[in-house]
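Data from query.txt: compact mmCIF, C-alpha atoms
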```txt
# COMPACT_ATOMS: atom_id res chain seq x y z
CA MET F 1 0.00 0.00 0.00
CA ASN F 2 2.73 2.38 1.06
CA ARG F 3 4.72 1.40 -1.98
CA LYS F 4 1.87 2.14 -4.30
CA ILE F 5 1.52 5.68 -3.00
CA LEU F 6 5.28 6.17 -3.30
CA GLY F 7 5.18 4.91 -6.87
CA PHE F 8 2.54 7.47 -7.73
CA LEU F 9 4.52 10.32 -6.23
CA PRO F 10 6.59 11.20 -9.34
CA PHE F 11 3.41 11.14 -11.41
CA LEU F 12 1.68 13.40 -8.90
CA ILE F 13 4.58 15.86 -8.95
CA PHE F 14 4.50 15.79 -12.75
CA VAL F 15 0.77 16.58 -12.79
CA LEU F 16 1.18 19.42 -10.31
CA LEU F 17 4.04 20.86 -12.35
CA CYS F 18 1.92 20.64 -15.50
CA VAL F 19 -0.96 22.50 -13.84
CA PHE F 20 1.44 25.17 -12.56
CA LEU F 21 3.10 25.69 -15.95
CA TYR F 22 -0.20 25.54 -17.84
CA GLN F 23 -1.78 28.34 -15.86
CA GLY F 24 1.46 30.28 -16.35
CA LEU F 25 0.71 30.34 -20.08
CA PHE F 26 -2.30 32.57 -19.51
CA GLY F 27 -0.90 34.78 -16.79
CA ASN F 28 0.08 38.31 -17.68
CA PRO F 29 3.48 38.99 -16.10
CA ARG F 30 2.93 42.71 -16.53
CA GLU F 31 -0.01 42.57 -14.13
CA LEU F 32 2.66 42.94 -11.49
CA GLN F 33 3.40 46.48 -12.52
CA THR F 34 0.98 48.08 -10.16
CA GLY F 35 3.24 50.46 -8.33
CA ARG F 36 0.77 53.34 -8.34
CA LEU F 37 -2.46 51.46 -7.59
CA GLY F 38 -4.41 52.96 -4.72
CA GLN F 39 -2.25 56.07 -4.66
CA THR F 40 -3.26 59.53 -5.81
CA MET F 41 -2.36 60.91 -9.20
CA PRO F 42 1.20 62.28 -9.00
CA SER F 43 1.47 66.03 -9.38
CA PHE F 44 2.36 67.42 -12.78
CA ASN F 45 2.29 70.62 -14.77
CA LEU F 46 2.26 69.93 -18.49
CA PRO F 47 1.07 71.74 -21.62
CA ASP F 48 -1.93 70.85 -23.74
CA LEU F 49 -1.01 69.01 -26.92
CA MET F 50 -2.91 71.47 -29.11
CA ASP F 51 -2.15 74.71 -27.24
CA GLU F 52 1.17 75.34 -25.49
CA ASN F 53 -0.30 78.26 -23.52
CA LYS F 54 -2.79 76.01 -21.79
CA ARG F 55 -1.26 74.02 -18.95
CA TRP F 56 -2.77 71.11 -17.05
CA THR F 57 -2.13 70.01 -13.48
CA GLU F 58 -3.47 67.09 -11.48
CA LYS F 59 -5.86 69.48 -9.71
CA ASP F 60 -7.70 70.25 -12.96
CA LEU F 61 -8.76 66.61 -13.10
CA LEU F 62 -10.28 66.32 -9.63
CA GLY F 63 -14.03 65.95 -9.20
CA GLU F 64 -14.74 63.53 -12.03
CA VAL F 65 -14.09 59.87 -12.70
CA TYR F 66 -11.92 59.59 -15.80
CA LEU F 67 -9.68 57.36 -17.86
CA MET F 68 -6.18 58.51 -18.62
CA ASN F 69 -5.08 56.89 -21.85
CA VAL F 70 -1.36 56.87 -22.71
CA TRP F 71 -0.98 56.90 -26.47
CA GLY F 72 0.97 58.12 -29.50
CA THR F 73 0.48 58.20 -33.25
CA TRP F 74 3.58 55.99 -33.62
CA CYS F 75 1.79 53.15 -31.79
CA PRO F 76 -0.46 50.96 -33.98
CA THR F 77 -2.34 49.40 -31.06
CA CYS F 78 -3.25 52.87 -29.79
CA ILE F 79 -4.69 53.76 -33.19
CA ALA F 80 -6.61 50.48 -33.21
CA GLU F 81 -8.30 51.18 -29.88
CA LEU F 82 -9.33 54.76 -30.81
CA GLY F 83 -12.58 53.48 -32.30
CA TYR F 84 -13.66 51.62 -29.18
CA LEU F 85 -12.59 54.47 -26.90
CA THR F 86 -14.65 56.89 -29.01
CA LYS F 87 -17.69 54.66 -28.43
CA LEU F 88 -17.01 54.85 -24.70
CA ARG F 89 -16.85 58.64 -24.90
CA GLU F 90 -20.24 58.62 -26.62
CA GLN F 91 -21.54 56.60 -23.67
CA GLY F 92 -20.37 59.37 -21.35
CA VAL F 93 -16.96 58.15 -20.21
CA LYS F 94 -14.47 60.97 -19.70
CA ILE F 95 -11.17 60.14 -21.37
CA VAL F 96 -8.03 62.24 -21.08
CA GLY F 97 -5.12 61.55 -23.41
CA LEU F 98 -1.54 61.52 -22.21
CA TYR F 99 0.50 61.95 -25.36
CA TYR F 100 3.64 59.82 -25.12
CA ASP F 101 6.23 60.71 -27.71
CA GLN F 102 8.61 57.83 -28.05
CA ALA F 103 11.12 59.43 -30.35
CA TYR F 104 11.88 62.61 -28.45
CA ASP F 105 15.15 62.58 -26.52
CA PRO F 106 16.34 65.88 -25.05
CA ASP F 107 19.86 64.49 -24.50
CA PHE F 108 20.44 64.35 -28.21
CA GLY F 109 19.00 67.81 -28.81
CA ASP F 110 16.29 66.27 -30.95
CA TYR F 111 14.53 68.49 -33.36
CA PHE F 112 10.87 68.44 -32.50
CA ASP F 113 8.16 69.92 -34.68
CA ILE F 114 5.04 70.49 -32.59
CA ASN F 115 3.03 71.75 -35.56
CA ALA F 116 3.74 68.62 -37.58
CA LEU F 117 2.69 66.50 -34.59
CA ARG F 118 -0.55 68.47 -34.13
CA GLU F 119 -1.40 68.00 -37.78
CA GLU F 120 -0.68 64.29 -37.56
CA VAL F 121 -2.82 63.91 -34.43
CA ASP F 122 -5.66 65.87 -36.06
CA THR F 123 -5.64 63.68 -39.16
CA MET F 124 -5.46 60.51 -37.09
CA LEU F 125 -8.30 61.48 -34.74
CA GLY F 126 -10.36 62.74 -37.69
CA ARG F 127 -10.03 59.36 -39.35
CA ALA F 128 -10.35 56.94 -36.40
CA GLY F 129 -12.52 58.98 -34.02
CA ASN F 130 -11.58 61.30 -31.20
CA PRO F 131 -12.20 59.85 -27.74
CA TYR F 132 -10.33 62.60 -25.86
CA GLN F 133 -11.67 65.59 -23.95
CA PHE F 134 -8.14 66.93 -24.32
CA ASN F 135 -4.58 65.70 -24.61
CA ILE F 136 -1.70 66.39 -22.26
CA LEU F 137 1.69 66.51 -23.95
CA ASP F 138 4.32 64.68 -21.90
CA LEU F 139 7.27 65.30 -24.16
CA GLU F 140 9.95 64.21 -21.69
CA ARG F 141 7.80 61.36 -20.36
CA SER F 142 8.11 62.64 -16.79
CA LEU F 143 4.48 62.02 -15.80
CA ALA F 144 4.68 58.68 -17.63
CA LEU F 145 7.63 57.70 -15.42
CA ASP F 146 5.84 58.86 -12.29
CA LEU F 147 2.88 56.72 -13.26
CA GLY F 148 5.00 53.65 -13.96
CA VAL F 149 4.21 53.63 -17.67
CA SER F 150 6.42 51.31 -19.71
CA GLY F 151 4.98 51.97 -23.17
CA ALA F 152 1.73 52.53 -24.99
CA PRO F 153 -1.16 51.93 -24.91
CA GLU F 154 -1.74 51.99 -21.17
CA THR F 155 -4.85 53.20 -19.40
CA PHE F 156 -5.53 54.35 -15.85
CA LEU F 157 -8.90 54.57 -14.15
CA VAL F 158 -8.96 57.48 -11.71
CA ASP F 159 -11.77 58.39 -9.30
CA LYS F 160 -13.09 61.81 -8.23
CA LYS F 161 -10.50 62.21 -5.52
CA GLY F 162 -7.68 61.42 -7.90
CA THR F 163 -7.02 57.89 -6.64
CA ILE F 164 -5.71 55.49 -9.26
CA LEU F 165 -7.96 52.43 -9.27
CA LEU F 166 -6.75 50.52 -12.31
CA HIS F 167 -3.66 50.37 -14.45
CA HIS F 168 -4.23 48.46 -17.66
CA THR F 169 -1.38 47.59 -20.03
CA GLY F 170 -2.42 46.95 -23.62
CA ASP F 171 -5.44 47.94 -25.63
CA ILE F 172 -8.98 48.39 -24.35
CA ASN F 173 -11.60 46.37 -26.15
CA GLN F 174 -15.06 45.14 -25.27
CA ARG F 175 -13.74 42.09 -23.40
CA VAL F 176 -11.29 44.09 -21.27
CA TRP F 177 -13.85 46.82 -20.67
CA ARG F 178 -16.48 44.37 -19.45
CA SER F 179 -14.20 42.20 -17.35
CA LYS F 180 -11.99 44.85 -15.82
CA PHE F 181 -13.29 48.40 -16.07
CA LEU F 182 -17.05 47.95 -15.69
CA PRO F 183 -16.82 46.05 -12.36
CA ALA F 184 -14.52 48.79 -11.00
CA LEU F 185 -16.94 51.52 -12.15
CA GLU F 186 -19.90 49.69 -10.62
CA GLU F 187 -17.96 49.39 -7.40
CA LEU F 188 -17.55 53.19 -7.44
CA GLN F 189 -21.26 53.85 -7.87
CA ARG F 190 -22.17 51.74 -4.88
CA MET G 1 59.99 80.98 -33.34
CA LYS G 2 58.32 78.74 -35.90
CA ILE G 3 58.75 75.68 -33.74
CA ARG G 4 57.06 77.49 -30.89
CA VAL G 5 53.97 78.24 -33.02
CA VAL G 6 53.75 74.62 -34.16
CA PHE G 7 54.10 73.46 -30.56
CA LEU G 8 51.31 75.80 -29.47
CA LEU G 9 49.07 74.61 -32.29
CA VAL G 10 49.61 70.98 -31.39
CA MET G 11 48.82 71.72 -27.76
CA VAL G 12 45.59 73.48 -28.67
CA LEU G 13 44.57 70.57 -30.89
CA LEU G 14 45.28 68.04 -28.15
CA LEU G 15 43.34 70.04 -25.61
CA SER G 16 40.31 70.43 -27.85
CA ALA G 17 40.38 66.68 -28.49
CA ALA G 18 40.27 66.13 -24.72
CA VAL G 19 37.25 68.44 -24.42
CA VAL G 20 35.40 66.55 -27.18
CA ASN G 21 36.16 63.27 -25.43
CA ALA G 22 34.80 64.57 -22.16
CA ALA G 23 31.59 65.64 -23.86
CA GLU G 24 31.15 62.14 -25.25
CA ASP G 25 31.54 60.52 -21.86
CA LYS G 26 27.86 60.54 -21.00
CA TYR G 27 27.88 59.66 -17.33
CA GLU G 28 29.96 61.77 -15.01
CA PHE G 29 30.02 61.45 -11.25
CA LYS G 30 31.28 63.44 -8.33
CA ASN G 31 33.04 60.45 -6.83
CA ALA G 32 33.78 56.79 -7.46
CA GLU G 33 31.13 55.76 -4.94
CA GLN G 34 28.34 57.36 -6.94
CA ALA G 35 29.66 55.78 -10.14
CA GLN G 36 29.61 52.41 -8.42
CA THR G 37 26.06 52.93 -7.11
CA PHE G 38 24.86 53.90 -10.58
CA LYS G 39 26.49 50.83 -12.10
CA GLU G 40 24.96 48.49 -9.53
CA LEU G 41 21.51 50.04 -9.89
CA THR G 42 21.38 49.80 -13.67
CA LEU G 43 22.35 46.14 -13.40
CA GLU G 44 19.81 45.39 -10.68
CA LEU G 45 16.77 47.27 -12.01
CA ARG G 46 14.70 45.44 -14.55
CA CYS G 47 13.43 46.99 -17.75
CA PRO G 48 9.61 47.11 -17.43
CA LYS G 49 9.13 46.67 -21.17
CA CYS G 50 11.53 43.82 -21.84
CA GLN G 51 11.30 41.44 -18.94
CA ASN G 52 14.59 39.60 -19.22
CA GLN G 53 16.91 42.56 -19.49
CA ASN G 54 18.12 45.02 -16.92
CA ILE G 55 18.00 48.72 -17.71
CA ALA G 56 21.73 48.87 -18.46
CA ASP G 57 21.25 46.26 -21.15
CA SER G 58 18.05 47.41 -22.80
CA ASP G 59 17.58 49.85 -25.65
CA ALA G 60 13.89 50.39 -24.93
CA VAL G 61 12.78 53.99 -24.50
CA VAL G 62 11.57 53.32 -20.98
CA ALA G 63 14.91 51.74 -20.02
CA LYS G 64 16.71 54.85 -21.19
CA ASP G 65 14.29 57.05 -19.24
CA LEU G 66 14.90 54.95 -16.13
CA ARG G 67 18.68 55.14 -16.59
CA ASP G 68 18.46 58.92 -16.85
CA LYS G 69 16.26 59.07 -13.77
CA VAL G 70 18.64 56.83 -11.80
CA LEU G 71 21.51 59.09 -12.86
CA THR G 72 19.66 62.21 -11.68
CA LEU G 73 18.73 60.61 -8.38
CA VAL G 74 22.30 59.42 -7.78
CA HIS G 75 23.62 62.87 -8.62
CA GLU G 76 21.23 64.32 -6.08
CA GLY G 77 22.92 62.15 -3.50
CA ASN G 78 20.23 59.50 -3.00
CA SER G 79 21.39 56.17 -1.61
CA LYS G 80 21.01 52.94 -3.53
CA GLN G 81 18.03 51.84 -1.45
CA GLU G 82 16.32 55.21 -1.92
CA VAL G 83 16.57 54.91 -5.70
CA ILE G 84 15.22 51.34 -5.58
CA ASP G 85 12.29 52.47 -3.42
CA TYR G 86 11.62 55.34 -5.83
CA MET G 87 11.37 52.90 -8.74
CA ILE G 88 9.30 50.31 -6.85
CA ASP G 89 6.92 53.10 -5.89
CA ARG G 90 6.25 53.69 -9.59
CA TYR G 91 6.80 50.37 -11.33
CA GLY G 92 6.03 47.89 -8.55
CA TYR G 93 8.26 45.07 -7.33
CA PHE G 94 8.50 43.97 -10.94
CA VAL G 95 11.22 46.56 -11.56
CA HIS G 96 13.70 45.10 -9.06
CA TYR G 97 15.39 41.78 -9.70
CA GLN G 98 15.46 40.96 -6.00
CA PRO G 99 11.95 40.17 -4.79
CA PRO G 100 10.99 41.28 -1.27
CA VAL G 101 10.32 38.68 1.42
CA THR G 102 6.55 38.74 1.97
CA PRO G 103 4.05 36.02 2.94
CA ALA G 104 3.38 35.51 -0.77
CA THR G 105 7.02 35.12 -1.78
CA ILE G 106 8.45 33.36 1.29
CA ILE G 107 7.92 30.06 -0.54
CA LEU G 108 10.81 31.00 -2.88
CA TRP G 109 13.24 30.75 0.02
CA VAL G 110 11.56 28.03 2.04
CA LEU G 111 10.70 25.53 -0.69
CA PRO G 112 14.28 24.67 -1.74
CA VAL G 113 15.23 24.11 1.92
CA ILE G 114 12.18 21.89 2.44
CA ILE G 115 13.00 19.85 -0.67
CA VAL G 116 16.63 19.33 0.41
CA VAL G 117 15.60 18.36 3.96
CA LEU G 118 12.93 15.95 2.69
CA GLY G 119 15.40 14.42 0.22
CA PHE G 120 18.02 13.78 2.87
CA GLY G 121 15.33 12.50 5.23
CA PHE G 122 14.19 10.04 2.61
CA ILE G 123 17.75 8.76 2.01
CA VAL G 124 18.39 8.28 5.74
CA PHE G 125 15.01 6.58 6.17
CA ARG G 126 15.72 4.12 3.35
CA GLN G 127 19.17 3.26 4.61
CA LYS G 128 17.86 2.56 8.08
CA LYS G 129 15.14 0.35 6.67
CA ALA G 130 17.67 -1.54 4.52
CA ALA G 131 20.02 -1.96 7.47
CA LYS G 132 17.19 -3.40 9.54
CA LYS G 133 16.39 -5.97 6.86
CA GLN G 134 20.00 -7.14 6.64
CA SER G 135 20.10 -8.35 10.22
CA TRP G 136 19.94 -12.16 10.35
CA SER G 137 18.53 -14.15 13.28
CA ALA G 138 18.01 -17.78 14.25
CA GLU G 139 14.38 -17.36 13.31
CA ASP G 140 15.38 -16.41 9.78
CA ASP G 141 17.52 -19.58 9.64
CA LYS G 142 14.53 -21.67 10.60
CA ARG G 143 12.34 -20.03 7.99
CA LEU G 144 14.99 -20.60 5.33
CA GLU G 145 15.24 -24.29 6.19
CA GLN G 146 11.50 -24.57 5.96
CA LEU G 147 11.34 -22.96 2.55
CA ILE G 148 14.13 -25.16 1.15
CA ALA G 149 12.44 -28.25 2.46
CA GLN G 150 9.14 -27.17 0.96
CA TYR G 151 10.59 -26.66 -2.54
CA GLN G 152 12.58 -29.91 -2.41
CA ARG G 153 9.39 -31.79 -1.62
CA LYS G 154 7.64 -30.11 -4.52
CA GLU G 155 10.39 -31.11 -6.94
CA ARG G 156 10.30 -34.75 -5.82
CA HIS G 157 6.58 -34.91 -6.45
CA GLN G 158 6.91 -33.74 -10.03
```

Take the structure in the file and give it back as structure tokens.
Amino acid sequence: MNRKILGFLPFLIFVLLCVFLYQGLFGNPRELQTGRLGQTMPSFNLPDLMDENKRWTEKDLLGEVYLMNVWGTWCPTCIAELGYLTKLREQGVKIVGLYYDQAYDPDFGDYFDINALREEVDTMLGRAGNPYQFNILDLERSLALDLGVSGAPETFLVDKKGTILLHHTGDINQRVWRSKFLPALEELQR
Amino acid sequence: MKIRVVFLLVMVLLLSAAVVNAAEDKYEFKNAEQAQTFKELTLELRCPKCQNQNIADSDAVVAKDLRDKVLTLVHEGNSKQEVIDYMIDRYGYFVHYQPPVTPATIILWVLPVIIVVLGFGFIVFRQKKAAKKQSWSAEDDKRLEQLIAQYQRKERHQ
């Protein structure tokens, strides 16, 4: 009897290992990047993408639940999710864009043409839909670093008091919206 | 006179070359300690975009941003642990290659020890069992005789 159990032990270990590795296939290792969850929006003072005289700070965003969507025209996935985000805006979701310019590097004295970028953004949003109330231009990616952003697209859900409730890496589609964002929003309304 | 002018020219050229070289050396530090801290940090912090590279190794935009930030923080006189905390605050434990000891991660340290202890325990247990079996008594002699007699009888019958 004892022997039989002992004989099964390697098989049991094998099965357990299989289960462990199998569920690893579907895990998202980036889920771990949740440094800012539960904290308040870090302070910033950045210009509007379309108007350099207009500046935004974290205080301007208090009082409303909103999504902060990190995006750039260089990022195909961001362009792909514009359509769905626009639908969300039509349903009354407030979405603020954080424009993340990947190419700009002040160390190399990069030439940066804001007018060309504005034109590009206008064309892109005209074609795919404009989900944004406004866009904040984070040219040196300082707010992005403070938020723990590693690329684009990434989206934050922020409540009225400025607390960060969700940090989603990757695009937002119907499946993600229903499984991740809707439950969090419903939780807020309760 | 002429030699003097040539000498001066060469000196100026050499000096300007030194200035250019200094400008190319991207990371400058006040002391060797800060340089060492910076080196250690860039090796120990993980690039959030490319999971299996540290920020010294990666060419990703975010890795460069983190390197620059680490440099600024080190220049400002922050200690190594302060910079690590700063990054964990933003990017989570993911950003540091050394996981913290928490109830959820304690298994990483405990499990190998448990496996080694169990393995040795098993070996000792088996040896003791085997040693026990090898002891031979008068009773065993009797049983052996019996068995031999039994099989001899069987053979005769066939």

Residues near Leu165 of chain F, cut-off 8 Å, only C-alpha atoms, skip fewer than 2 positions along chain, as number ranges by chain | F: 37-38, 156-159, 163, 167, 184

Keeping C-alpha atoms for every residue in the selection just given, could you write it to a file as a CSV table (one decimal), in the coordinates of the input?
```csv
chain,number,residue,atom,x,y,z
F,37,LEU,CA,-2.5,51.5,-7.6
F,38,GLY,CA,-4.4,53.0,-4.7
F,156,PHE,CA,-5.5,54.4,-15.8
F,157,LEU,CA,-8.9,54.6,-14.2
F,158,VAL,CA,-9.0,57.5,-11.7
F,159,ASP,CA,-11.8,58.4,-9.3
F,163,THR,CA,-7.0,57.9,-6.6
F,167,HIS,CA,-3.7,50.4,-14.4
F,184,ALA,CA,-14.5,48.8,-11.0
```

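Atom CA of Ala63 of chain G is positioned 7.8 Å from atom CA of Lys49 of chain G.
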
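For chain G, the residues having at least one atom no farther than 6 Å from chain F, when counting only C-alpha atoms, are G:Pro48, G:Lys49, G:Val62, G:Asp89, G:Arg90, G:Tyr91, G:Gly92, G:Phe94.
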
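Polymer residues near (-5.0, 59.2, -36.7): counting all atoms listed in the file with a cut-off of 12 Å, they are Trp71, Gly72, Thr73, Trp74, Cys75, Pro76, Thr77, Cys78, Ile79, Ala80, Glu81, Leu82, Gly83, Leu117, Arg118, Glu119, Glu120, Val121, Asp122, Thr123, Met124, Leu125, Gly126, Arg127, Ala128, Gly129, Asn130 and Pro131 of chain F.
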
Long-range neighbours of Gly162 of chain F as a list of chain:residue names, 8 Å cut-off, all atoms listed in the file, 6 positions minimum in chain |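 Counting all atoms listed in the file, the residues come to F:Thr40, F:Met41, F:Glu58, F:Leu61, F:Leu62, F:Gly63.
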
Include C-alpha atoms and write out the residues we just selected as a short mmCIF file (atom, residue, chain, number, x, y, z; two decimals), in the frame of the given file.
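Output contents, as saved in again-v4.cif:
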```
data_model
loop_
_atom_site.label_atom_id
_atom_site.label_comp_id
_atom_site.auth_asym_id
_atom_site.auth_seq_id
_atom_site.Cartn_x
_atom_site.Cartn_y
_atom_site.Cartn_z
CA THR F 40 -3.26 59.53 -5.81
CA MET F 41 -2.36 60.91 -9.20
CA GLU F 58 -3.47 67.09 -11.48
CA LEU F 61 -8.76 66.61 -13.10
CA LEU F 62 -10.28 66.32 -9.63
CA GLY F 63 -14.03 65.95 -9.20
#
```

In Å, rounded to a single decimal, give me how far atom CA of Ala104 of chain G is from atom CA of Phe11 of chain F.
->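 Rounded to one decimal, the two atoms are 26.6 Å apart.
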
Please measure the separation of atom CA of Leu137 of chain F and atom CA of Leu49 of chain F, giving the value in Å to one decimal.
->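 Interatomic distance, atom CA of Leu137 of chain F to atom CA of Leu49 of chain F: 4.7 Å.
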
Using only C-alpha atoms, which of the listed residues (G:Leu144, G:Leu71, G:Leu118, G:Ile106) sits closest to Val83 of chain G?
->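 Going through G:Leu144, G:Leu71, G:Leu118, G:Ile106 one by one, the smallest distance to Val83 of chain G is for G:Leu71.
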
Subset file as a compact mmCIF listing (two decimals), in the first residue's frame: segment 46-114 of chain G, C-alpha atoms:
```txt
# COMPACT_ATOMS: atom_id res chain seq x y z
CA ARG G 46 14.70 45.44 -14.55
CA CYS G 47 13.43 46.99 -17.75
CA PRO G 48 9.61 47.11 -17.43
CA LYS G 49 9.13 46.67 -21.17
CA CYS G 50 11.53 43.82 -21.84
CA GLN G 51 11.30 41.44 -18.94
CA ASN G 52 14.59 39.60 -19.22
CA GLN G 53 16.91 42.56 -19.49
CA ASN G 54 18.12 45.02 -16.92
CA ILE G 55 18.00 48.72 -17.71
CA ALA G 56 21.73 48.87 -18.46
CA ASP G 57 21.25 46.26 -21.15
CA SER G 58 18.05 47.41 -22.80
CA ASP G 59 17.58 49.85 -25.65
CA ALA G 60 13.89 50.39 -24.93
CA VAL G 61 12.78 53.99 -24.50
CA VAL G 62 11.57 53.32 -20.98
CA ALA G 63 14.91 51.74 -20.02
CA LYS G 64 16.71 54.85 -21.19
CA ASP G 65 14.29 57.05 -19.24
CA LEU G 66 14.90 54.95 -16.13
CA ARG G 67 18.68 55.14 -16.59
CA ASP G 68 18.46 58.92 -16.85
CA LYS G 69 16.26 59.07 -13.77
CA VAL G 70 18.64 56.83 -11.80
CA LEU G 71 21.51 59.09 -12.86
CA THR G 72 19.66 62.21 -11.68
CA LEU G 73 18.73 60.61 -8.38
CA VAL G 74 22.30 59.42 -7.78
CA HIS G 75 23.62 62.87 -8.62
CA GLU G 76 21.23 64.32 -6.08
CA GLY G 77 22.92 62.15 -3.50
CA ASN G 78 20.23 59.50 -3.00
CA SER G 79 21.39 56.17 -1.61
CA LYS G 80 21.01 52.94 -3.53
CA GLN G 81 18.03 51.84 -1.45
CA GLU G 82 16.32 55.21 -1.92
CA VAL G 83 16.57 54.91 -5.70
CA ILE G 84 15.22 51.34 -5.58
CA ASP G 85 12.29 52.47 -3.42
CA TYR G 86 11.62 55.34 -5.83
CA MET G 87 11.37 52.90 -8.74
CA ILE G 88 9.30 50.31 -6.85
CA ASP G 89 6.92 53.10 -5.89
CA ARG G 90 6.25 53.69 -9.59
CA TYR G 91 6.80 50.37 -11.33
CA GLY G 92 6.03 47.89 -8.55
CA TYR G 93 8.26 45.07 -7.33
CA PHE G 94 8.50 43.97 -10.94
CA VAL G 95 11.22 46.56 -11.56
CA HIS G 96 13.70 45.10 -9.06
CA TYR G 97 15.39 41.78 -9.70
CA GLN G 98 15.46 40.96 -6.00
CA PRO G 99 11.95 40.17 -4.79
CA PRO G 100 10.99 41.28 -1.27
CA VAL G 101 10.32 38.68 1.42
CA THR G 102 6.55 38.74 1.97
CA PRO G 103 4.05 36.02 2.94
CA ALA G 104 3.38 35.51 -0.77
CA THR G 105 7.02 35.12 -1.78
CA ILE G 106 8.45 33.36 1.29
CA ILE G 107 7.92 30.06 -0.54
CA LEU G 108 10.81 31.00 -2.88
CA TRP G 109 13.24 30.75 0.02
CA VAL G 110 11.56 28.03 2.04
CA LEU G 111 10.70 25.53 -0.69
CA PRO G 112 14.28 24.67 -1.74
CA VAL G 113 15.23 24.11 1.92
CA ILE G 114 12.18 21.89 2.44
```
